[in-house]
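Reproduced below: protein10.cif, with mmCIF, C-alpha atoms and all ligand atoms.
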data_start
loop_
_atom_site.group_PDB
_atom_site.id
_atom_site.type_symbol
_atom_site.label_atom_id
_atom_site.label_comp_id
_atom_site.auth_asym_id
_atom_site.auth_seq_id
_atom_site.Cartn_x
_atom_site.Cartn_y
_atom_site.Cartn_z
ATOM 1 C CA MET A 17 -16.753 -9.770 -4.524
ATOM 2 C CA ILE A 18 -13.795 -9.614 -2.206
ATOM 3 C CA ASP A 19 -11.257 -6.784 -2.046
ATOM 4 C CA LEU A 20 -8.390 -7.045 0.400
ATOM 5 C CA HIS A 21 -6.362 -3.914 -0.426
ATOM 6 C CA THR A 22 -7.855 -0.399 -0.314
ATOM 7 C CA HIS A 23 -6.957 3.074 0.970
ATOM 8 C CA SER A 24 -8.864 5.853 2.731
ATOM 9 C CA THR A 25 -8.109 9.342 4.037
ATOM 10 C CA ALA A 26 -6.269 7.638 6.901
ATOM 11 C CA SER A 27 -3.392 7.576 4.357
ATOM 12 C CA ASP A 28 -3.350 8.575 0.685
ATOM 13 C CA GLY A 29 -6.885 7.559 -0.323
ATOM 14 C CA ARG A 30 -9.498 10.119 -1.347
ATOM 15 C CA LEU A 31 -12.539 8.700 0.498
ATOM 16 C CA SER A 32 -13.186 8.639 4.229
ATOM 17 C CA PRO A 33 -13.352 5.131 5.696
ATOM 18 C CA THR A 34 -17.162 5.441 5.797
ATOM 19 C CA ALA A 35 -17.430 6.598 2.174
ATOM 20 C CA LEU A 36 -15.044 3.821 1.112
ATOM 21 C CA VAL A 37 -17.122 1.129 2.806
ATOM 22 C CA GLU A 38 -20.340 2.537 1.352
ATOM 23 C CA ARG A 39 -18.876 2.581 -2.146
ATOM 24 C CA ALA A 40 -17.639 -0.987 -1.709
ATOM 25 C CA ALA A 41 -21.039 -2.207 -0.493
ATOM 26 C CA ALA A 42 -22.800 -0.426 -3.376
ATOM 27 C CA ARG A 43 -20.479 -2.206 -5.803
ATOM 28 C CA GLY A 44 -21.327 -5.604 -4.338
ATOM 29 C CA VAL A 45 -18.200 -6.178 -2.268
ATOM 30 C CA VAL A 46 -19.013 -8.524 0.621
ATOM 31 C CA ARG A 47 -15.596 -8.586 2.249
ATOM 32 C CA LEU A 48 -13.371 -5.518 2.293
ATOM 33 C CA ALA A 49 -9.996 -4.882 3.876
ATOM 34 C CA LEU A 50 -8.983 -1.338 4.727
ATOM 35 C CA THR A 51 -5.197 -1.271 4.312
ATOM 36 C CA ASP A 52 -3.890 2.255 4.755
ATOM 37 C CA HIS A 53 -0.150 2.930 4.615
ATOM 38 C CA ASP A 54 1.510 2.252 7.980
ATOM 39 C CA THR A 55 -1.636 2.843 10.026
ATOM 40 C CA VAL A 56 -4.834 1.220 11.263
ATOM 41 C CA ALA A 57 -6.369 4.578 12.235
ATOM 42 C CA GLY A 58 -9.307 4.269 9.818
ATOM 43 C CA VAL A 59 -10.338 0.773 10.864
ATOM 44 C CA GLU A 60 -12.668 1.685 13.701
ATOM 45 C CA GLU A 61 -14.690 4.087 11.581
ATOM 46 C CA ALA A 62 -14.762 1.564 8.716
ATOM 47 C CA ARG A 63 -16.045 -1.097 11.099
ATOM 48 C CA GLY A 64 -18.957 1.065 12.133
ATOM 49 C CA ALA A 65 -19.877 1.750 8.512
ATOM 50 C CA ALA A 66 -19.456 -1.929 7.591
ATOM 51 C CA ALA A 67 -21.820 -3.015 10.350
ATOM 52 C CA ALA A 68 -24.433 -0.627 8.979
ATOM 53 C CA CYS A 69 -24.085 -2.055 5.414
ATOM 54 C CA GLY A 70 -23.729 -5.708 6.426
ATOM 55 C CA LEU A 71 -20.258 -5.927 4.910
ATOM 56 C CA ASP A 72 -17.428 -8.007 6.401
ATOM 57 C CA LEU A 73 -14.617 -5.563 7.237
ATOM 58 C CA VAL A 74 -11.099 -6.952 7.544
ATOM 59 C CA ALA A 75 -8.774 -4.808 9.662
ATOM 60 C CA GLY A 76 -5.582 -4.274 7.716
ATOM 61 C CA SER A 77 -2.600 -2.084 6.958
ATOM 62 C CA GLU A 78 -0.126 -1.811 4.087
ATOM 63 C CA ILE A 79 3.211 -1.633 5.839
ATOM 64 C CA SER A 80 6.364 -0.350 4.154
ATOM 65 C CA ALA A 81 9.395 -2.606 4.527
ATOM 66 C CA THR A 82 12.995 -2.288 3.439
ATOM 67 C CA TRP A 83 14.620 -5.265 1.758
ATOM 68 C CA GLU A 84 17.975 -5.085 -0.052
ATOM 69 C CA ARG A 85 17.792 -1.255 0.000
ATOM 70 C CA ARG A 86 14.451 -1.425 -1.789
ATOM 71 C CA THR A 87 10.935 -0.806 -0.496
ATOM 72 C CA LEU A 88 8.395 -3.627 -0.430
ATOM 73 C CA HIS A 89 4.772 -3.298 0.676
ATOM 74 C CA VAL A 90 3.434 -5.876 3.095
ATOM 75 C CA VAL A 91 -0.327 -6.027 3.557
ATOM 76 C CA GLY A 92 -1.332 -7.220 7.010
ATOM 77 C CA LEU A 93 -4.863 -8.664 7.137
ATOM 78 C CA GLY A 94 -7.092 -9.677 10.038
ATOM 79 C CA LEU A 95 -5.222 -7.540 12.562
ATOM 80 C CA ASP A 96 -6.027 -7.035 16.204
ATOM 81 C CA ILE A 97 -5.675 -3.254 16.130
ATOM 82 C CA GLU A 98 -5.205 -3.169 19.901
ATOM 83 C CA CYS A 99 -2.004 -5.215 19.689
ATOM 84 C CA GLN A 100 0.787 -3.300 21.420
ATOM 85 C CA ARG A 101 3.615 -4.702 19.331
ATOM 86 C CA LEU A 102 1.866 -3.701 16.133
ATOM 87 C CA ALA A 103 1.109 -0.245 17.527
ATOM 88 C CA ASP A 104 4.751 0.262 18.535
ATOM 89 C CA GLY A 105 5.959 -0.808 15.107
ATOM 90 C CA LEU A 106 3.508 1.430 13.281
ATOM 91 C CA ARG A 107 4.418 4.386 15.478
ATOM 92 C CA ARG A 108 8.044 4.126 14.348
ATOM 93 C CA GLN A 109 6.997 3.963 10.720
ATOM 94 C CA GLN A 110 4.813 7.037 11.233
ATOM 95 C CA GLN A 111 7.713 8.957 12.752
ATOM 96 C CA GLU A 112 9.783 7.983 9.745
ATOM 97 C CA ARG A 113 7.018 9.254 7.429
ATOM 98 C CA ALA A 114 6.977 12.598 9.249
ATOM 99 C CA THR A 115 10.767 12.985 9.043
ATOM 100 C CA ARG A 116 10.769 11.948 5.415
ATOM 101 C CA ALA A 117 8.024 14.464 4.571
ATOM 102 C CA ARG A 118 10.127 17.299 5.965
ATOM 103 C CA GLU A 119 13.091 16.256 3.851
ATOM 104 C CA ILE A 120 11.007 15.740 0.716
ATOM 105 C CA ALA A 121 9.627 19.267 1.189
ATOM 106 C CA ASN A 122 13.166 20.668 1.502
ATOM 107 C CA ARG A 123 14.207 18.927 -1.672
ATOM 108 C CA LEU A 124 11.141 20.018 -3.603
ATOM 109 C CA ALA A 125 11.671 23.611 -2.445
ATOM 110 C CA ARG A 126 14.807 23.608 -4.618
ATOM 111 C CA ILE A 127 12.753 22.882 -7.711
ATOM 112 C CA GLY A 128 10.239 25.605 -6.860
ATOM 113 C CA LEU A 129 7.567 24.013 -4.658
ATOM 114 C CA ARG A 130 6.632 26.553 -1.995
ATOM 115 C CA ASP A 131 5.363 25.720 1.503
ATOM 116 C CA GLY A 132 5.544 22.034 0.631
ATOM 117 C CA LEU A 133 5.485 20.683 4.156
ATOM 118 C CA THR A 134 2.611 22.811 5.425
ATOM 119 C CA ARG A 135 0.526 22.150 2.351
ATOM 120 C CA ALA A 136 1.274 18.418 2.219
ATOM 121 C CA ARG A 137 0.324 18.136 5.884
ATOM 122 C CA GLU A 138 -2.881 19.968 5.152
ATOM 123 C CA ALA A 139 -3.617 17.611 2.258
ATOM 124 C CA ALA A 140 -2.937 14.593 4.459
ATOM 125 C CA GLY A 141 -5.144 15.939 7.254
ATOM 126 C CA GLU A 142 -5.254 13.465 10.112
ATOM 127 C CA GLY A 143 -3.927 10.741 7.817
ATOM 128 C CA GLU A 144 -0.420 9.424 7.284
ATOM 129 C CA ILE A 145 1.529 11.678 4.976
ATOM 130 C CA GLY A 146 3.097 10.209 1.841
ATOM 131 C CA ARG A 147 4.588 10.974 -1.522
ATOM 132 C CA ALA A 148 1.106 11.029 -3.076
ATOM 133 C CA HIS A 149 0.312 14.213 -1.147
ATOM 134 C CA PHE A 150 3.380 15.911 -2.598
ATOM 135 C CA ALA A 151 2.414 14.636 -6.041
ATOM 136 C CA GLY A 152 -0.904 16.458 -5.672
ATOM 137 C CA LEU A 153 0.865 19.732 -4.831
ATOM 138 C CA LEU A 154 3.245 19.404 -7.777
ATOM 139 C CA VAL A 155 0.244 19.028 -10.070
ATOM 140 C CA ASP A 156 -1.625 21.934 -8.431
ATOM 141 C CA ASP A 157 1.394 24.200 -8.953
ATOM 142 C CA GLY A 158 1.814 23.212 -12.578
ATOM 143 C CA LEU A 159 5.153 21.506 -11.916
ATOM 144 C CA ALA A 160 3.774 18.190 -13.200
ATOM 145 C CA ARG A 161 1.007 17.261 -15.642
ATOM 146 C CA ASN A 162 -0.569 14.655 -13.374
ATOM 147 C CA ARG A 163 0.333 12.553 -10.359
ATOM 148 C CA GLN A 164 2.031 9.871 -12.379
ATOM 149 C CA ASP A 165 4.160 12.542 -14.046
ATOM 150 C CA ALA A 166 4.974 14.011 -10.612
ATOM 151 C CA PHE A 167 6.264 10.625 -9.436
ATOM 152 C CA LYS A 168 8.220 10.097 -12.616
ATOM 153 C CA ARG A 169 9.889 13.499 -12.563
ATOM 154 C CA TYR A 170 10.361 14.199 -8.879
ATOM 155 C CA LEU A 171 9.378 11.474 -6.450
ATOM 156 C CA ARG A 172 10.909 8.240 -7.702
ATOM 157 C CA PRO A 173 14.375 6.985 -6.718
ATOM 158 C CA GLY A 174 17.013 9.039 -8.489
ATOM 159 C CA ARG A 175 14.720 12.055 -8.878
ATOM 160 C CA PRO A 176 15.199 15.390 -7.057
ATOM 161 C CA GLY A 177 12.383 14.979 -4.522
ATOM 162 C CA TYR A 178 13.228 11.417 -3.562
ATOM 163 C CA ARG A 179 14.605 10.688 -0.143
ATOM 164 C CA ARG A 180 15.757 7.186 0.673
ATOM 165 C CA THR A 181 13.942 5.825 3.698
ATOM 166 C CA VAL A 182 14.919 2.889 5.831
ATOM 167 C CA TRP A 183 11.680 1.221 6.835
ATOM 168 C CA ALA A 184 11.498 -1.775 9.142
ATOM 169 C CA GLY A 185 12.846 -5.076 7.814
ATOM 170 C CA LEU A 186 10.660 -7.876 6.474
ATOM 171 C CA GLU A 187 11.032 -10.049 9.577
ATOM 172 C CA ASP A 188 9.984 -7.182 11.831
ATOM 173 C CA VAL A 189 6.964 -6.202 9.766
ATOM 174 C CA ILE A 190 5.786 -9.798 9.427
ATOM 175 C CA GLY A 191 6.430 -10.265 13.164
ATOM 176 C CA TRP A 192 4.170 -7.321 14.080
ATOM 177 C CA ILE A 193 1.416 -8.664 11.826
ATOM 178 C CA HIS A 194 1.645 -12.133 13.341
ATOM 179 C CA ALA A 195 1.749 -10.710 16.864
ATOM 180 C CA ALA A 196 -1.559 -9.015 16.018
ATOM 181 C CA GLY A 197 -3.017 -12.356 14.893
ATOM 182 C CA GLY A 198 -2.944 -11.362 11.226
ATOM 183 C CA ARG A 199 -1.653 -12.744 7.933
ATOM 184 C CA ALA A 200 1.125 -11.087 5.957
ATOM 185 C CA VAL A 201 0.760 -10.682 2.197
ATOM 186 C CA LEU A 202 3.381 -9.351 -0.201
ATOM 187 C CA ALA A 203 1.522 -6.644 -2.129
ATOM 188 C CA HIS A 204 1.551 -6.137 -5.918
ATOM 189 C CA PRO A 205 4.667 -8.189 -6.841
ATOM 190 C CA PHE A 206 4.730 -6.501 -10.260
ATOM 191 C CA GLY A 207 4.477 -3.031 -8.751
ATOM 192 C CA TYR A 208 8.118 -2.512 -7.825
ATOM 193 C CA GLY A 209 9.665 -2.213 -11.257
ATOM 194 C CA PHE A 210 11.746 -5.328 -10.607
ATOM 195 C CA SER A 211 13.125 -7.665 -13.243
ATOM 196 C CA GLY A 212 11.764 -11.206 -13.130
ATOM 197 C CA ALA A 213 14.802 -12.410 -11.217
ATOM 198 C CA TRP A 214 14.482 -9.667 -8.603
ATOM 199 C CA ARG A 215 10.782 -10.276 -8.247
ATOM 200 C CA GLN A 216 11.392 -13.933 -7.551
ATOM 201 C CA ARG A 217 14.128 -13.105 -5.060
ATOM 202 C CA ALA A 218 11.748 -10.752 -3.270
ATOM 203 C CA VAL A 219 9.000 -13.384 -3.095
ATOM 204 C CA ALA A 220 11.526 -15.940 -1.829
ATOM 205 C CA ALA A 221 12.821 -13.537 0.836
ATOM 206 C CA PHE A 222 9.272 -12.708 1.887
ATOM 207 C CA ALA A 223 8.400 -16.399 2.270
ATOM 208 C CA ALA A 224 11.648 -17.079 4.139
ATOM 209 C CA ALA A 225 10.855 -14.208 6.527
ATOM 210 C CA GLY A 226 7.583 -15.936 7.460
ATOM 211 C CA GLY A 227 5.160 -14.316 4.986
ATOM 212 C CA ASP A 228 1.833 -16.047 4.386
ATOM 213 C CA GLY A 229 0.481 -14.838 1.068
ATOM 214 C CA LEU A 230 1.114 -13.198 -2.278
ATOM 215 C CA GLU A 231 -1.210 -10.628 -3.855
ATOM 216 C CA ILE A 232 -1.907 -12.310 -7.155
ATOM 217 C CA CYS A 233 -4.775 -10.273 -8.600
ATOM 218 C CA THR A 234 -4.674 -6.476 -8.285
ATOM 219 C CA GLY A 235 -6.533 -3.677 -10.023
ATOM 220 C CA VAL A 236 -3.790 -3.470 -12.649
ATOM 221 C CA SER A 237 -2.361 -6.998 -12.922
ATOM 222 C CA THR A 238 -2.545 -8.770 -16.279
ATOM 223 C CA VAL A 239 -3.581 -12.392 -16.789
ATOM 224 C CA THR A 240 0.023 -13.255 -17.607
ATOM 225 C CA GLN A 241 1.309 -11.602 -14.445
ATOM 226 C CA GLU A 242 -1.333 -13.383 -12.401
ATOM 227 C CA SER A 243 -0.307 -16.774 -13.697
ATOM 228 C CA GLN A 244 3.357 -15.955 -13.020
ATOM 229 C CA SER A 245 2.445 -14.878 -9.486
ATOM 230 C CA ALA A 246 0.400 -18.036 -9.006
ATOM 231 C CA ARG A 247 3.486 -20.025 -9.948
ATOM 232 C CA ASP A 248 5.675 -17.970 -7.590
ATOM 233 C CA ALA A 249 3.166 -18.481 -4.786
ATOM 234 C CA ARG A 250 3.070 -22.248 -5.296
ATOM 235 C CA ARG A 251 6.834 -22.462 -5.420
ATOM 236 C CA HIS A 252 7.168 -20.748 -2.061
ATOM 237 C CA GLY A 253 4.133 -22.184 -0.312
ATOM 238 C CA LEU A 254 2.282 -18.867 -0.205
ATOM 239 C CA ALA A 255 -1.496 -18.539 -0.352
ATOM 240 C CA GLY A 256 -3.147 -16.136 -2.790
ATOM 241 C CA SER A 257 -4.757 -12.787 -2.071
ATOM 242 C CA ILE A 258 -6.619 -10.235 -4.182
ATOM 243 C CA GLY A 259 -6.982 -6.493 -3.793
ATOM 244 C CA SER A 260 -7.663 -3.554 -6.080
ATOM 245 C CA ASP A 261 -5.336 -1.060 -4.336
ATOM 246 C CA PHE A 262 -8.161 1.449 -4.726
ATOM 247 C CA HIS A 263 -7.235 5.042 -3.853
ATOM 248 C CA ALA A 264 -9.784 7.347 -5.471
ATOM 249 C CA PRO A 265 -12.966 7.309 -7.582
ATOM 250 C CA GLU A 266 -11.154 9.388 -10.247
ATOM 251 C CA GLN A 267 -9.127 6.275 -11.041
ATOM 252 C CA PHE A 268 -12.203 4.859 -12.740
ATOM 253 C CA TRP A 269 -10.199 2.005 -14.314
ATOM 254 C CA LEU A 270 -9.348 0.701 -10.880
ATOM 255 C CA ASP A 271 -12.464 0.617 -8.758
ATOM 256 C CA ILE A 272 -13.099 -1.235 -5.517
ATOM 257 C CA GLY A 273 -13.650 -4.950 -6.036
ATOM 258 C CA ARG A 274 -12.570 -4.755 -9.659
ATOM 259 C CA THR A 275 -10.093 -7.597 -9.909
ATOM 260 C CA ARG A 276 -10.151 -11.022 -11.454
ATOM 261 C CA ARG A 277 -10.818 -14.004 -9.218
ATOM 262 C CA LEU A 278 -7.938 -15.933 -7.772
ATOM 263 C CA PRO A 279 -6.662 -18.694 -10.120
ATOM 264 C CA ASP A 280 -7.878 -22.005 -8.665
ATOM 265 C CA THR A 281 -4.331 -23.363 -8.698
ATOM 266 C CA VAL A 282 -3.555 -21.358 -5.551
ATOM 267 C CA PRO A 283 -5.315 -21.659 -2.189
ATOM 268 C CA ALA A 284 -6.975 -18.457 -0.974
ATOM 269 C CA LEU A 285 -5.490 -16.891 2.110
ATOM 270 C CA ALA A 286 -7.443 -17.976 5.190
ATOM 271 C CA PHE A 287 -8.035 -15.781 8.193
ATOM 272 C CA ALA A 288 -8.254 -16.982 11.724
ATOM 273 C CA ALA A 289 -10.558 -14.162 12.780
ATOM 274 C CA ALA A 290 -12.944 -13.691 9.867
ATOM 275 C CA PRO A 291 -15.863 -15.905 8.804
ATOM 276 C CA PRO A 292 -15.506 -17.855 5.533
ATOM 277 C CA ALA A 293 -16.416 -16.002 2.306
HETATM 278 P P1 LIG A 301 4.798 6.334 -0.042
HETATM 279 O O1 LIG A 301 4.380 5.138 0.758
HETATM 280 O O2 LIG A 301 4.544 7.627 0.669
HETATM 281 O O3 LIG A 301 6.206 6.221 -0.550
HETATM 282 O O4 LIG A 301 3.855 6.409 -1.299
HETATM 283 C C1 LIG A 301 3.525 5.263 -2.049
HETATM 284 C C2 LIG A 301 2.208 5.560 -2.775
HETATM 285 O O5 LIG A 301 2.424 6.513 -3.790
HETATM 286 C C3 LIG A 301 1.600 4.376 -3.469
HETATM 287 O O6 LIG A 301 0.803 3.634 -2.593
HETATM 288 C C4 LIG A 301 0.738 5.049 -4.496
HETATM 289 O O7 LIG A 301 -0.455 5.500 -3.889
HETATM 290 C C5 LIG A 301 1.535 6.274 -4.863
HETATM 291 N N1 LIG A 301 2.332 6.079 -6.090
HETATM 292 C C6 LIG A 301 3.515 5.448 -6.206
HETATM 293 N N2 LIG A 301 3.964 5.500 -7.474
HETATM 294 C C7 LIG A 301 3.054 6.202 -8.175
HETATM 295 C C8 LIG A 301 2.926 6.604 -9.547
HETATM 296 N N3 LIG A 301 3.860 6.323 -10.464
HETATM 297 N N4 LIG A 301 1.829 7.310 -9.899
HETATM 298 C C9 LIG A 301 0.889 7.610 -8.997
HETATM 299 N N5 LIG A 301 0.943 7.256 -7.707
HETATM 300 C C10 LIG A 301 2.007 6.553 -7.303
HETATM 301 MN MN MN A 302 -0.923 4.689 -1.759
HETATM 302 MN MN MN A 303 1.604 -0.434 -2.360
HETATM 303 MN MN MN A 304 -1.815 0.185 -1.598
#
Mind converting the file's structure to structure tokens?
Ligand code: AMP
Ligand code: MN
Ligand code: MN
Ligand code: MN
Amino acid sequence: MIDLHTHSTASDGRLSPTALVERAAARGVVRLALTDHDTVAGVEEARGAAAACGLDLVAGSEISATWERRTLHVVGLGLDIECQRLADGLRRQQQERATRAREIANRLARIGLRDGLTRAREAAGEGEIGRAHFAGLLVDDGLARNRQDAFKRYLRPGRPGYRRTVWAGLEDVIGWIHAAGGRAVLAHPFGYGFSGAWRQRAVAAFAAAGGDGLEICTGVSTVTQESQSARDARRHGLAGSIGSDFHAPEQFWLDIGRTRRLPDTVPALAFAAAPPA
């Protein structure tokens, strides 16, 4: 099994990089990408654990990008984590995350969340802070039934805890990934709540900006969505990628490595750095 999209405590995942790699290996994953939000901080630890389990670890990151006032997620795979241009780009995104967290906390204070910033920082630990950490607090305080409900009520665009963020543009994000010798994949094309027309515009813009691949099979994609994505990928000359978007063992329906295989109508994304699967 191959899984090219997962999260650890370096962002909003529940498992440490080591625990993530061990779970992946135990589930029969032979190639795993760690793709935390706007960071590569967990990669070194994951590499150590992967060497011990004989698993092929792909250095990655899921980078937030702004396109047409909307947020897209770009998964960078096969990254040289020492690359200065990538590091500079990620540092700006991290600063933006910190600023955004402060403003989200201020907004959520108005609906009754106390000490939001301190507690969200504590929940994030050393990792990049994100809306998921605030979702956890809203649930803990009884302001939402579960995380999904917290996003729906408070954290999505148009809701009281949402703060619009201007991330880097698609060309910049793809440029950092390429500078680091990696491949850029547009994550979960059905995960943005777009209409079909908007989805296709986003895929077209991503390809035009130099993107390499489209995430066709995810932990939640349907067969129909996968065949639509395969068609979109072919139309724009993008390769295919697969990734569960695993965050936590509690999401039992979405475990590491649990995706369908890539439809054979689309070529699999190739890496320069990694050995063949
Ligand atoms: P951020 O990058 O901080 O804006 O947070 C994005 C992350 O929030 C995603 O990667 C998911 O982990 C999580 N997320 C987004 N929407 C939802 C939702 N409806 N329910 C649960 N988690 C969500
Ligand atoms: Mn996440
Ligand atoms: Mn995402
Ligand atoms: Mn993700």
- Quick one: apply the PyMOL selection byres (((chain A and resi 124) around 9) and not hetatm) to the file and drop the selected residues here as a PyMOL selection string. chain A and resi 119-123+125-130+132+150+154+170+176-178
- Query: For ligand MN 304 (chain A), which of A:Ala67, A:Ala62, A:Ala203, A:Ala35 is the closest residue, counting all atoms listed in the file?
  - Reply: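 The shortest atom-to-atom distance to ligand MN 304 (chain A) comes from A:Ala203.
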- Taking the file as shown, find all residues satisfying the PyMOL selection byres (((chain A and resi 61) around 12) and not hetatm) and write them as a ChimeraX atom specification. /A:24-26,32-38,50,56-60,62-68,73,75
- Message: Could you list, as a PyMOL selection string, every residue within 10 Å of stretch 206-222 of chain A, counting only C-alpha atoms and ignoring same-chain residues fewer than 3 positions away?
- Response: chain A and resi 83-84+86-90+186-187+190+200-203+225-232+234+236-238+241-242+244-245+248-249+251-254
- Query: Where does the PyMOL selection byres (((not hetatm)) within 9 of (chain A and resi 302)) land in this file, that is, which residues does it pick, as a ChimeraX atom specification?
  - Reply: /A:22-23,27-29,52-53,78,146-148,261-263
- Query: How many Å lie between atom CA of A:Leu106 and atom CA of A:Asp271, rounded to one decimal?
  - Reply: 27.2 Å
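Between atom CA of A:Arg85 and atom CA of A:Asp165 the interatomic distance comes to 23.9 Å.
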- Message: Neighbouring residues of A:Asp54 were defined as those with any atom within 7 Å, considering all atoms listed in the file; residues of the same chain fewer than 5 positions away were excluded. Please report them as an MDAnalysis selection string.
- Response: chainID A and resid 77:80 106 109:110
Please write out, as JSON, where the centre of an axis-aligned box around all listed atoms of stretch 148-157 of chain A lies and how long its edges are, in Å to one decimal, after adding 6 Å on each side.
{"center_x": 0.9, "center_y": 17.6, "center_z": -5.6, "size_x": 17.0, "size_y": 25.2, "size_z": 20.9}
- Query: Between A:Ala81, A:Ile18, A:Ala103, A:Ile193, which is the closest to ligand MN 303 (chain A) once you count only C-alpha atoms and all ligand atoms?
  - Reply: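 Using only C-alpha atoms and all ligand atoms, the shortest distance to ligand MN 303 (chain A) belongs to A:Ala81.
You will find atom CA of A:Gly185 at 5.2 Å from atom CA of A:Thr82.
Among the candidates A:Gly197, A:Gly191, A:Gly152, A:Pro205, the residue lying nearest to ligand LIG 301 (chain A) is A:Gly152 (atoms considered: only C-alpha atoms and all ligand atoms).
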- Item | Given only C-alpha atoms as the counted atoms, nearest of A:Leu171, A:Leu133, A:Leu20, A:Ala196 to A:Ile145 |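 So, comparing all the options, the nearest one is A:Leu133.
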- A:His21, A:His149, A:Arg172, A:His194 ranked by distance to ligand MN 304 (chain A), top pick (using all atoms listed in the file): A:His21
